[in-house]
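Let me begin by presenting the structure, written as structure tokens, before commenting on it.
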Amino acid sequence: MSDLVNTVVIVGGGTAGWLTAGLLAAEHLSDEKSGLNVVLVESPDVSPIGVGEGTWPTMRTSLQTMGISETDFFRDCDASFKQGTRFDGWLRGREEYYYHPFALPQRFHEIDLARHWQPLREKVSYADAVTPQPAACERALAPKQITTPEFASALNYGYHLDAGRFSKFLEEHCVQELGVTHILDNVVAVNSADNGDIKSLSLRSGEAVHGDLFVDCTGFAALLLGKHFGIPFCSKQQYLFNDRALAVQVPRSSYSEPIASTTLSTAQGAGWIWDIALPMRRGVGHVYSSAHMSDEQAEVDLRRYLASTANAELAESCTPRQIEFSPGHREKLWHRNCVAVGLSGGFVEPLEASALVMIELSAKMLSEQLPANRSTMDIVAKRFNDRFLYHWRRIIEFLKLHYALSKREDTDYWRDNCNASTIPPELQESLELWRYQSPKYQDLPLADELFPAASYRYVLYGMNFETEGPGEQRRSDIATRATADRLFSENTSLTAQLLKALPTNRELIDKVHEFGFQKV
């Protein structure tokens, strides 16, 4: 009997299931007879969570890999451009804000502009000093022009999108263009082989679906990895307190309203509110800690925010949907012939859109290192587990950084977040180190780090963190000062040029719907 991996069975649809199916099918030629057989089994009775509406720039590569037209994507998914995140009220709960843009500082791998920016910190924010992107975002500008080819850009960008429409869009593309087999039915039993692997799935219809590798995309249910194999869940709530969210969809009161170029993240008494701008609506939600705030108060705060950002009638008429979750991840993500992708593997909270990018990275590594046979599967599984457990550790540290730097003392939530006992030990070490040197790309060992050192700098200096004193000098500072001054000046000039040349998000999206982007 052959132990070749010929059939991959994905259980669960949604963004996780269909992104995994699409990347696997595109890479392994599922539309050809000799290609990989990709089967997706989806329950007709389970609705996706549907609130993961912000992506990273990596999604552009994923769409290209699957052969998707960016024009079609914008038209079918109510998509808009995302160029980073704006954080309001995280430092002291007042009117202050900062940006975590997607653009890297100029010549980031060659010169430490953070050191040269320190004497200028009272005059210009770090992000504004090293990239034009925050200034573009302040004006709700797009990252390119209509004449720019698909997926190319003047400024780095990801997307905001309607998660439900995106899943349907991926489904149609996967089935019609990539050769994925779609089965709409409920799994009633998971059947084991003699060696302990999953042999097949029994469906309500009586059909049995056999496979060589099974991908668990069943969300929080974790039907395969959690329920069948019993892989333990590792809670991380000692570091990240949020465990509930209230989500609403807010219709546009006017189609001419500006479309924000960033996810807006506004701190609250015991959590924060996300605000994602789409052409036809906004996705808004309050994520919070049930240990620090009641559900009733969370809804009051959400409605207060809606009343301040939409008309009062919309704020009163909406019905929030509550989502409960446990921040953490499985002890391992790949066990025997089963790998978890998406919420079945873990979720901590929606800050910085880490959930969607983890789906992308998981599906990408699975596709690139798909084991040829069962004999090599355990080797690939070990490497997969090592890589993604590392990613989870880094995600938790990076998200906690946003809270640990706060100077807010108005609620127990913020005071507890700054308590050293709730900060991961490695992050505590890093914070001590960063008092004397800014985060460097050499500090992070992986080529595909989720958050590069530049991201740490944007958050640190956006939250008023101080590294060294402006009077301290090194030989390298003297040697690179002229270069740094030139780069700061060039950034100022480039910012002025882009602010004149770039259309607004709304203007460009309207043109995409009317004319489409140029094909590459």
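Just remember, in the structure tokens the first chain shown is A, the second B, etc., residues are 1-based per chain, and ligands are 1-based in the order shown.
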
> Which of segment 101-191 of chain A counts as strand (DSSP E) under DSSP, as a ChimeraX atom specification please?
Replying inline: /A:101,158-160,181-184,187-191

>> Can you pull out the residues contacting Arg374 of chain A? Cut-off 9 Å, using only C-alpha atoms, and skip same-chain residues under 5 positions away; I want them as JSON, numbers by chain.
In response: {"A": [3, 4, 5, 212, 213, 337]}

Store the residues picked out above, limited to N, CA, C and O atoms, as a PDB file, in the first residue's frame.
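What follows is the written file part-v3.pdb:
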ATOM      1  N   ASP A   3       2.186   5.009   0.623  1.00  0.00           N
ATOM      2  CA  ASP A   3       1.985   6.006   1.685  1.00  0.00           C
ATOM      3  C   ASP A   3       2.147   7.414   1.137  1.00  0.00           C
ATOM      4  O   ASP A   3       2.383   8.361   1.865  1.00  0.00           O
ATOM      5  N   LEU A   4       2.008   7.566  -0.176  1.00  0.00           N
ATOM      6  CA  LEU A   4       2.096   8.882  -0.805  1.00  0.00           C
ATOM      7  C   LEU A   4       0.963   9.784  -0.338  1.00  0.00           C
ATOM      8  O   LEU A   4      -0.154   9.331  -0.075  1.00  0.00           O
ATOM      9  N   VAL A   5       1.254  11.075  -0.243  1.00  0.00           N
ATOM     10  CA  VAL A   5       0.225  12.053   0.103  1.00  0.00           C
ATOM     11  C   VAL A   5      -0.399  12.530  -1.205  1.00  0.00           C
ATOM     12  O   VAL A   5       0.141  13.397  -1.899  1.00  0.00           O
ATOM     13  N   ASP A 212      -5.091  11.479   3.019  1.00  0.00           N
ATOM     14  CA  ASP A 212      -3.751  11.169   3.516  1.00  0.00           C
ATOM     15  C   ASP A 212      -3.294  12.192   4.554  1.00  0.00           C
ATOM     16  O   ASP A 212      -2.512  11.875   5.450  1.00  0.00           O
ATOM     17  N   LEU A 213      -3.776  13.423   4.399  1.00  0.00           N
ATOM     18  CA  LEU A 213      -3.482  14.493   5.337  1.00  0.00           C
ATOM     19  C   LEU A 213      -4.765  15.269   5.575  1.00  0.00           C
ATOM     20  O   LEU A 213      -5.509  15.561   4.632  1.00  0.00           O
ATOM     21  N   ASN A 337      -1.234  12.854  11.216  1.00  0.00           N
ATOM     22  CA  ASN A 337      -1.547  13.350   9.863  1.00  0.00           C
ATOM     23  C   ASN A 337      -2.622  14.426   9.898  1.00  0.00           C
ATOM     24  O   ASN A 337      -3.471  14.532   9.018  1.00  0.00           O
TER      25      ASN A 337
END

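In this comparison, which uses only C-alpha atoms, the residue of A:Val11, A:Ala270, A:Val512, A:Leu240 approaching Asp412 of chain A most closely is A:Ala270.
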
>> For Met293 of chain A, find every residue with an atom within 12 Å (counting only C-alpha atoms), except residues of its own chain fewer than 5 positions away, and show them as a PyMOL selection string.
In response: chain A and resi 241-245+268-272+286-288+298-301+411-413

>> For the helix (DSSP H, G or I) assignment from backbone DSSP, which residues of segment 222-450 of chain A qualify? Please present them as a ChimeraX atom specification.
In response: /A:223-228,295-309,312-317,342-344,351-368,374-404,412-417,420-422,425-434,441-443

>> List the spatial neighbours of segment 206-209 of chain A as a PyMOL selection string - criterion: any atom at most 12 Å away, only C-alpha atoms, same-chain residues fewer than 4 positions off excluded.
In response: chain A and resi 7-11+38-41+181-191+198-202+213-214

Each residue of segment 421-506 of chain A with at least one atom at most 8 Å from segment 394-410 of chain A should appear once, together with its nearest atom pair and the corresponding distance in Å (one decimal); atoms considered: only C-alpha atoms; ordering: chain, then increasing residue number; output as CSV.
residue,atom,partner,partner_atom,distance
A:Ile423,CA,A:Lys400,CA,7.0
A:Pro424,CA,A:Glu397,CA,6.5
A:Glu426,CA,A:Glu397,CA,7.8
A:Leu427,CA,A:Glu397,CA,5.9
A:Leu450,CA,A:Ile395,CA,7.5
A:Phe451,CA,A:Phe398,CA,7.6
A:Tyr456,CA,A:Phe398,CA,7.4
A:Val459,CA,A:His402,CA,6.8
A:Leu460,CA,A:Leu405,CA,7.6
A:Met463,CA,A:Leu405,CA,6.5
A:Phe465,CA,A:Leu405,CA,7.5

Prev. selection, C-alpha atoms, output as an mmCIF file, in the first residue's frame:
data_model
loop_
_atom_site.group_PDB
_atom_site.id
_atom_site.type_symbol
_atom_site.label_atom_id
_atom_site.label_comp_id
_atom_site.auth_asym_id
_atom_site.auth_seq_id
_atom_site.Cartn_x
_atom_site.Cartn_y
_atom_site.Cartn_z
ATOM 1 C CA ILE A 423 4.527 40.653 31.130
ATOM 2 C CA PRO A 424 6.306 37.686 29.457
ATOM 3 C CA GLU A 426 11.470 37.623 27.335
ATOM 4 C CA LEU A 427 9.600 40.865 26.730
ATOM 5 C CA LEU A 450 5.676 38.141 11.883
ATOM 6 C CA PHE A 451 6.692 41.501 13.314
ATOM 7 C CA TYR A 456 8.672 47.167 17.552
ATOM 8 C CA VAL A 459 5.084 50.885 18.855
ATOM 9 C CA LEU A 460 7.867 51.748 21.295
ATOM 10 C CA MET A 463 4.152 55.093 23.037
ATOM 11 C CA PHE A 465 9.457 54.965 25.056
#

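Between Pro48 of chain A and the candidates A:Leu343, A:Cys318, A:Leu246, A:Ala277, the tightest atom-to-atom separation, counting only C-alpha atoms, involves A:Leu343.
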
>> Using only C-alpha atoms, which protein or nucleic acid residues come within 8 Å of Gly89 of chain A? Drop anything in the same chain fewer than 4 positions from it, and give the result as a PyMOL selection string.
In response: chain A and resi 93-97+266-268

Go ahead and write the residues just picked, N, CA, C and O atoms, as an mmCIF file, in the first residue's frame.
data_model
loop_
_atom_site.group_PDB
_atom_site.id
_atom_site.type_symbol
_atom_site.label_atom_id
_atom_site.label_comp_id
_atom_site.auth_asym_id
_atom_site.auth_seq_id
_atom_site.Cartn_x
_atom_site.Cartn_y
_atom_site.Cartn_z
ATOM 1 N N GLY A 93 -4.869 57.695 27.549
ATOM 2 C CA GLY A 93 -6.322 57.769 27.479
ATOM 3 C C GLY A 93 -6.837 59.125 27.058
ATOM 4 O O GLY A 93 -8.014 59.434 27.234
ATOM 5 N N ARG A 94 -5.959 59.937 26.483
ATOM 6 C CA ARG A 94 -6.367 61.283 26.069
ATOM 7 C C ARG A 94 -6.467 61.334 24.550
ATOM 8 O O ARG A 94 -6.765 60.352 23.907
ATOM 9 N N GLU A 95 -6.160 62.488 23.987
ATOM 10 C CA GLU A 95 -6.309 62.677 22.547
ATOM 11 C C GLU A 95 -5.090 62.217 21.755
ATOM 12 O O GLU A 95 -5.051 62.348 20.545
ATOM 13 N N GLU A 96 -4.057 61.676 22.434
ATOM 14 C CA GLU A 96 -2.840 61.300 21.723
ATOM 15 C C GLU A 96 -3.079 60.064 20.856
ATOM 16 O O GLU A 96 -3.960 59.245 21.131
ATOM 17 N N TYR A 97 -2.273 59.943 19.799
ATOM 18 C CA TYR A 97 -2.379 58.782 18.912
ATOM 19 C C TYR A 97 -1.025 58.545 18.246
ATOM 20 O O TYR A 97 -0.147 59.408 18.248
ATOM 21 N N THR A 266 -9.050 52.145 19.185
ATOM 22 C CA THR A 266 -9.262 53.169 20.211
ATOM 23 C C THR A 266 -9.376 52.520 21.580
ATOM 24 O O THR A 266 -10.265 51.703 21.821
ATOM 25 N N ALA A 267 -8.461 52.868 22.470
ATOM 26 C CA ALA A 267 -8.423 52.262 23.800
ATOM 27 C C ALA A 267 -9.664 52.636 24.605
ATOM 28 O O ALA A 267 -10.179 53.751 24.521
ATOM 29 N N GLN A 268 -10.131 51.677 25.410
ATOM 30 C CA GLN A 268 -11.272 51.870 26.293
ATOM 31 C C GLN A 268 -10.853 51.526 27.722
ATOM 32 O O GLN A 268 -9.696 51.212 27.980
#

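Pairwise distance (atom CA of Gln176 of chain A, atom CA of Pro44 of chain A) equals 19.6 Å.
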
>> Between atom CA of His28 of chain A and atom CA of Glu42 of chain A, what distance in Å does the model show, to one decimal?
In response: 21.4 Å

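In this model, the gap between atom CA of Ala142 of chain A and atom CA of Phe169 of chain A comes to 23.3 Å.
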
Mind checking which residues fall within 12 Å of Trp274 of chain A, counting only C-alpha atoms, ignoring those fewer than 5 positions away in the same chain, and posting them as a short mmCIF file (atom, residue, chain, number, x, y, z; two decimals) with all heavy atoms, in the first residue's frame?
data_model
loop_
_atom_site.label_atom_id
_atom_site.label_comp_id
_atom_site.auth_asym_id
_atom_site.auth_seq_id
_atom_site.Cartn_x
_atom_site.Cartn_y
_atom_site.Cartn_z
N VAL A 51 -15.36 38.10 11.42
CA VAL A 51 -14.94 39.45 11.81
C VAL A 51 -13.47 39.71 11.52
O VAL A 51 -12.96 40.78 11.82
CB VAL A 51 -15.23 39.74 13.30
CG1 VAL A 51 -16.72 39.74 13.56
CG2 VAL A 51 -14.52 38.75 14.20
N GLY A 52 -12.76 38.76 10.92
CA GLY A 52 -11.35 38.99 10.56
C GLY A 52 -11.28 39.76 9.27
O GLY A 52 -11.13 39.19 8.20
N GLU A 53 -11.39 41.09 9.35
CA GLU A 53 -11.56 41.90 8.15
C GLU A 53 -10.35 42.76 7.80
O GLU A 53 -10.43 43.58 6.90
CB GLU A 53 -12.81 42.77 8.28
CG GLU A 53 -14.08 41.92 8.45
CD GLU A 53 -15.36 42.74 8.39
OE1 GLU A 53 -15.36 43.88 8.88
OE2 GLU A 53 -16.35 42.23 7.84
N GLY A 54 -9.24 42.58 8.51
CA GLY A 54 -8.02 43.32 8.19
C GLY A 54 -6.89 42.37 7.87
O GLY A 54 -6.69 41.38 8.56
N THR A 85 -2.12 50.56 11.22
CA THR A 85 -3.08 50.75 12.31
C THR A 85 -2.80 52.07 13.00
O THR A 85 -1.64 52.43 13.23
CB THR A 85 -3.00 49.61 13.33
OG1 THR A 85 -3.21 48.36 12.67
CG2 THR A 85 -4.04 49.77 14.43
N ARG A 86 -3.86 52.77 13.34
CA ARG A 86 -3.74 53.99 14.15
C ARG A 86 -4.25 53.65 15.56
O ARG A 86 -5.35 53.12 15.73
CB ARG A 86 -4.56 55.13 13.55
CG ARG A 86 -4.62 56.35 14.45
CD ARG A 86 -5.29 57.53 13.80
NE ARG A 86 -5.89 58.39 14.82
CZ ARG A 86 -6.05 59.70 14.69
NH1 ARG A 86 -5.67 60.31 13.59
NH2 ARG A 86 -6.62 60.40 15.65
N PHE A 87 -3.44 53.97 16.57
CA PHE A 87 -3.77 53.70 17.96
C PHE A 87 -4.12 55.00 18.67
O PHE A 87 -3.28 55.89 18.79
CB PHE A 87 -2.59 53.02 18.66
CG PHE A 87 -2.30 51.64 18.14
CD1 PHE A 87 -1.42 51.45 17.09
CD2 PHE A 87 -2.94 50.53 18.68
CE1 PHE A 87 -1.16 50.18 16.59
CE2 PHE A 87 -2.69 49.26 18.19
CZ PHE A 87 -1.80 49.08 17.15
N ASP A 88 -5.36 55.09 19.15
CA ASP A 88 -5.84 56.28 19.83
C ASP A 88 -6.01 56.01 21.32
O ASP A 88 -6.67 55.03 21.70
CB ASP A 88 -7.19 56.72 19.25
CG ASP A 88 -7.05 57.42 17.91
OD1 ASP A 88 -6.34 56.91 17.03
OD2 ASP A 88 -7.66 58.47 17.74
N ALA A 245 -15.72 39.84 22.70
CA ALA A 245 -15.85 40.95 21.77
C ALA A 245 -17.32 41.13 21.41
O ALA A 245 -18.09 40.17 21.35
CB ALA A 245 -15.03 40.70 20.50
N LEU A 246 -17.70 42.38 21.19
CA LEU A 246 -19.01 42.73 20.65
C LEU A 246 -18.78 43.34 19.28
O LEU A 246 -18.04 44.33 19.17
CB LEU A 246 -19.72 43.73 21.57
CG LEU A 246 -20.15 43.22 22.94
CD1 LEU A 246 -20.65 44.38 23.80
CD2 LEU A 246 -21.25 42.17 22.81
N ALA A 247 -19.37 42.76 18.25
CA ALA A 247 -19.11 43.21 16.88
C ALA A 247 -20.40 43.67 16.21
O ALA A 247 -21.46 43.05 16.38
CB ALA A 247 -18.48 42.07 16.07
N VAL A 248 -20.29 44.75 15.44
CA VAL A 248 -21.44 45.26 14.69
C VAL A 248 -20.99 45.69 13.30
O VAL A 248 -19.81 45.97 13.07
CB VAL A 248 -22.11 46.47 15.38
CG1 VAL A 248 -22.74 46.06 16.70
CG2 VAL A 248 -21.11 47.60 15.59
N GLN A 249 -21.93 45.73 12.39
CA GLN A 249 -21.70 46.28 11.06
C GLN A 249 -22.50 47.57 10.94
O GLN A 249 -23.70 47.58 11.16
CB GLN A 249 -22.10 45.27 9.98
CG GLN A 249 -21.25 44.02 10.00
CD GLN A 249 -21.61 43.04 8.89
OE1 GLN A 249 -22.54 43.27 8.11
NE2 GLN A 249 -20.87 41.94 8.80
N THR A 262 -6.41 53.12 7.52
CA THR A 262 -5.86 52.26 8.57
C THR A 262 -6.99 51.65 9.38
O THR A 262 -8.12 52.16 9.38
CB THR A 262 -4.98 53.05 9.55
OG1 THR A 262 -5.76 54.10 10.12
CG2 THR A 262 -3.75 53.63 8.87
N THR A 263 -6.70 50.56 10.06
CA THR A 263 -7.58 50.10 11.12
C THR A 263 -7.45 51.10 12.27
O THR A 263 -6.34 51.44 12.68
CB THR A 263 -7.18 48.71 11.62
OG1 THR A 263 -7.31 47.76 10.55
CG2 THR A 263 -8.04 48.26 12.78
N LEU A 264 -8.57 51.58 12.78
CA LEU A 264 -8.56 52.47 13.93
C LEU A 264 -8.72 51.63 15.20
O LEU A 264 -9.64 50.83 15.30
CB LEU A 264 -9.68 53.50 13.83
CG LEU A 264 -9.70 54.38 12.59
CD1 LEU A 264 -10.88 55.34 12.63
CD2 LEU A 264 -8.39 55.15 12.46
N SER A 265 -7.83 51.81 16.14
CA SER A 265 -7.85 51.06 17.39
C SER A 265 -7.89 52.05 18.55
O SER A 265 -6.90 52.71 18.83
CB SER A 265 -6.60 50.17 17.49
OG SER A 265 -6.52 49.55 18.74
N THR A 266 -9.05 52.15 19.19
CA THR A 266 -9.26 53.17 20.21
C THR A 266 -9.38 52.52 21.58
O THR A 266 -10.27 51.70 21.82
CB THR A 266 -10.54 53.98 19.91
OG1 THR A 266 -10.46 54.53 18.59
CG2 THR A 266 -10.73 55.09 20.92
N ALA A 267 -8.46 52.87 22.47
CA ALA A 267 -8.42 52.26 23.80
C ALA A 267 -9.66 52.64 24.60
O ALA A 267 -10.18 53.75 24.52
CB ALA A 267 -7.16 52.70 24.53
N GLN A 268 -10.13 51.68 25.41
CA GLN A 268 -11.27 51.87 26.29
C GLN A 268 -10.85 51.53 27.72
O GLN A 268 -9.70 51.21 27.98
CB GLN A 268 -12.44 50.98 25.84
CG GLN A 268 -12.89 51.22 24.42
CD GLN A 268 -13.51 52.59 24.23
OE1 GLN A 268 -14.44 52.99 24.94
NE2 GLN A 268 -12.99 53.35 23.25
N ARG A 282 -18.91 50.01 7.76
CA ARG A 282 -17.78 49.88 8.68
C ARG A 282 -17.99 48.64 9.54
O ARG A 282 -19.12 48.31 9.89
CB ARG A 282 -17.66 51.11 9.60
CG ARG A 282 -17.20 52.37 8.89
CD ARG A 282 -17.58 53.62 9.66
NE ARG A 282 -17.20 53.55 11.06
CZ ARG A 282 -17.87 54.18 12.05
NH1 ARG A 282 -18.95 54.89 11.77
NH2 ARG A 282 -17.44 54.08 13.29
N GLY A 283 -16.91 47.96 9.85
CA GLY A 283 -16.94 46.88 10.82
C GLY A 283 -16.38 47.40 12.12
O GLY A 283 -15.23 47.84 12.16
N VAL A 284 -17.18 47.40 13.17
CA VAL A 284 -16.77 47.97 14.46
C VAL A 284 -16.96 46.93 15.55
O VAL A 284 -17.95 46.18 15.55
CB VAL A 284 -17.59 49.24 14.79
CG1 VAL A 284 -17.11 49.87 16.09
CG2 VAL A 284 -17.50 50.25 13.64
N GLY A 285 -16.02 46.87 16.48
CA GLY A 285 -16.16 45.90 17.56
C GLY A 285 -15.40 46.33 18.80
O GLY A 285 -14.39 47.04 18.71
N HIS A 286 -15.90 45.91 19.95
CA HIS A 286 -15.27 46.21 21.23
C HIS A 286 -14.74 44.90 21.79
O HIS A 286 -15.51 43.99 22.10
CB HIS A 286 -16.31 46.82 22.17
CG HIS A 286 -15.74 47.28 23.48
ND1 HIS A 286 -16.53 47.76 24.50
CD2 HIS A 286 -14.46 47.35 23.94
CE1 HIS A 286 -15.76 48.10 25.53
NE2 HIS A 286 -14.51 47.85 25.21
N VAL A 287 -13.43 44.78 21.90
CA VAL A 287 -12.81 43.60 22.49
C VAL A 287 -12.39 43.97 23.90
O VAL A 287 -11.81 45.04 24.12
CB VAL A 287 -11.64 43.08 21.64
CG1 VAL A 287 -10.56 44.11 21.46
CG2 VAL A 287 -11.05 41.81 22.24
N TYR A 288 -12.71 43.09 24.87
CA TYR A 288 -12.53 43.49 26.27
C TYR A 288 -12.30 42.29 27.16
O TYR A 288 -12.45 41.12 26.74
CB TYR A 288 -13.75 44.29 26.75
CG TYR A 288 -15.06 43.53 26.69
CD1 TYR A 288 -15.60 42.91 27.82
CD2 TYR A 288 -15.77 43.42 25.50
CE1 TYR A 288 -16.80 42.22 27.76
CE2 TYR A 288 -16.97 42.74 25.42
CZ TYR A 288 -17.48 42.13 26.55
OH TYR A 288 -18.66 41.44 26.49
N LEU A 302 -19.42 50.64 23.63
CA LEU A 302 -19.47 50.49 22.17
C LEU A 302 -20.49 51.45 21.57
O LEU A 302 -20.21 52.13 20.57
CB LEU A 302 -19.83 49.04 21.81
CG LEU A 302 -20.03 48.75 20.32
CD1 LEU A 302 -18.76 49.04 19.52
CD2 LEU A 302 -20.47 47.30 20.10
N TYR A 305 -19.22 54.96 21.52
CA TYR A 305 -18.27 55.17 20.42
C TYR A 305 -19.02 55.33 19.10
O TYR A 305 -18.71 56.23 18.30
CB TYR A 305 -17.31 53.98 20.33
CG TYR A 305 -16.35 54.07 19.17
CD1 TYR A 305 -15.14 54.75 19.28
CD2 TYR A 305 -16.65 53.48 17.94
CE1 TYR A 305 -14.27 54.85 18.20
CE2 TYR A 305 -15.79 53.55 16.86
CZ TYR A 305 -14.60 54.24 17.00
OH TYR A 305 -13.74 54.33 15.92
N LEU A 306 -20.02 54.48 18.87
CA LEU A 306 -20.79 54.57 17.62
C LEU A 306 -21.51 55.91 17.52
O LEU A 306 -21.58 56.51 16.44
CB LEU A 306 -21.79 53.43 17.54
CG LEU A 306 -21.20 52.02 17.38
CD1 LEU A 306 -22.30 50.97 17.47
CD2 LEU A 306 -20.47 51.90 16.05
N GLU A 349 -6.15 37.55 20.29
CA GLU A 349 -7.08 38.66 20.19
C GLU A 349 -6.87 39.34 18.84
O GLU A 349 -5.86 39.09 18.17
CB GLU A 349 -6.93 39.65 21.34
CG GLU A 349 -5.64 40.43 21.38
CD GLU A 349 -5.79 41.72 22.19
OE1 GLU A 349 -6.36 42.68 21.63
OE2 GLU A 349 -5.34 41.76 23.34
N PRO A 350 -7.82 40.19 18.40
CA PRO A 350 -7.71 40.74 17.04
C PRO A 350 -6.72 41.87 16.85
O PRO A 350 -6.58 42.36 15.73
CB PRO A 350 -9.15 41.22 16.75
CG PRO A 350 -9.76 41.44 18.09
CD PRO A 350 -9.13 40.46 19.02
N LEU A 351 -6.02 42.28 17.90
CA LEU A 351 -5.05 43.37 17.77
C LEU A 351 -3.99 43.03 16.73
O LEU A 351 -3.45 41.92 16.73
CB LEU A 351 -4.39 43.61 19.13
CG LEU A 351 -3.50 44.85 19.26
CD1 LEU A 351 -4.33 46.12 19.14
CD2 LEU A 351 -2.77 44.83 20.61
N GLU A 352 -3.71 43.98 15.83
CA GLU A 352 -2.67 43.85 14.79
C GLU A 352 -2.98 42.76 13.76
O GLU A 352 -2.08 42.32 13.04
CB GLU A 352 -1.29 43.62 15.41
CG GLU A 352 -0.77 44.78 16.24
CD GLU A 352 -0.20 45.93 15.41
OE1 GLU A 352 -0.40 45.94 14.19
OE2 GLU A 352 0.46 46.80 16.01
N ALA A 353 -4.23 42.31 13.67
CA ALA A 353 -4.65 41.38 12.60
C ALA A 353 -3.75 40.15 12.47
O ALA A 353 -3.49 39.68 11.37
CB ALA A 353 -4.72 42.12 11.26
#

> Nearest to Ala479 of chain A: which of A:Ile111, A:Val250, A:Leu29, A:Ala315 is it, counting only C-alpha atoms?
Replying inline: A:Ile111
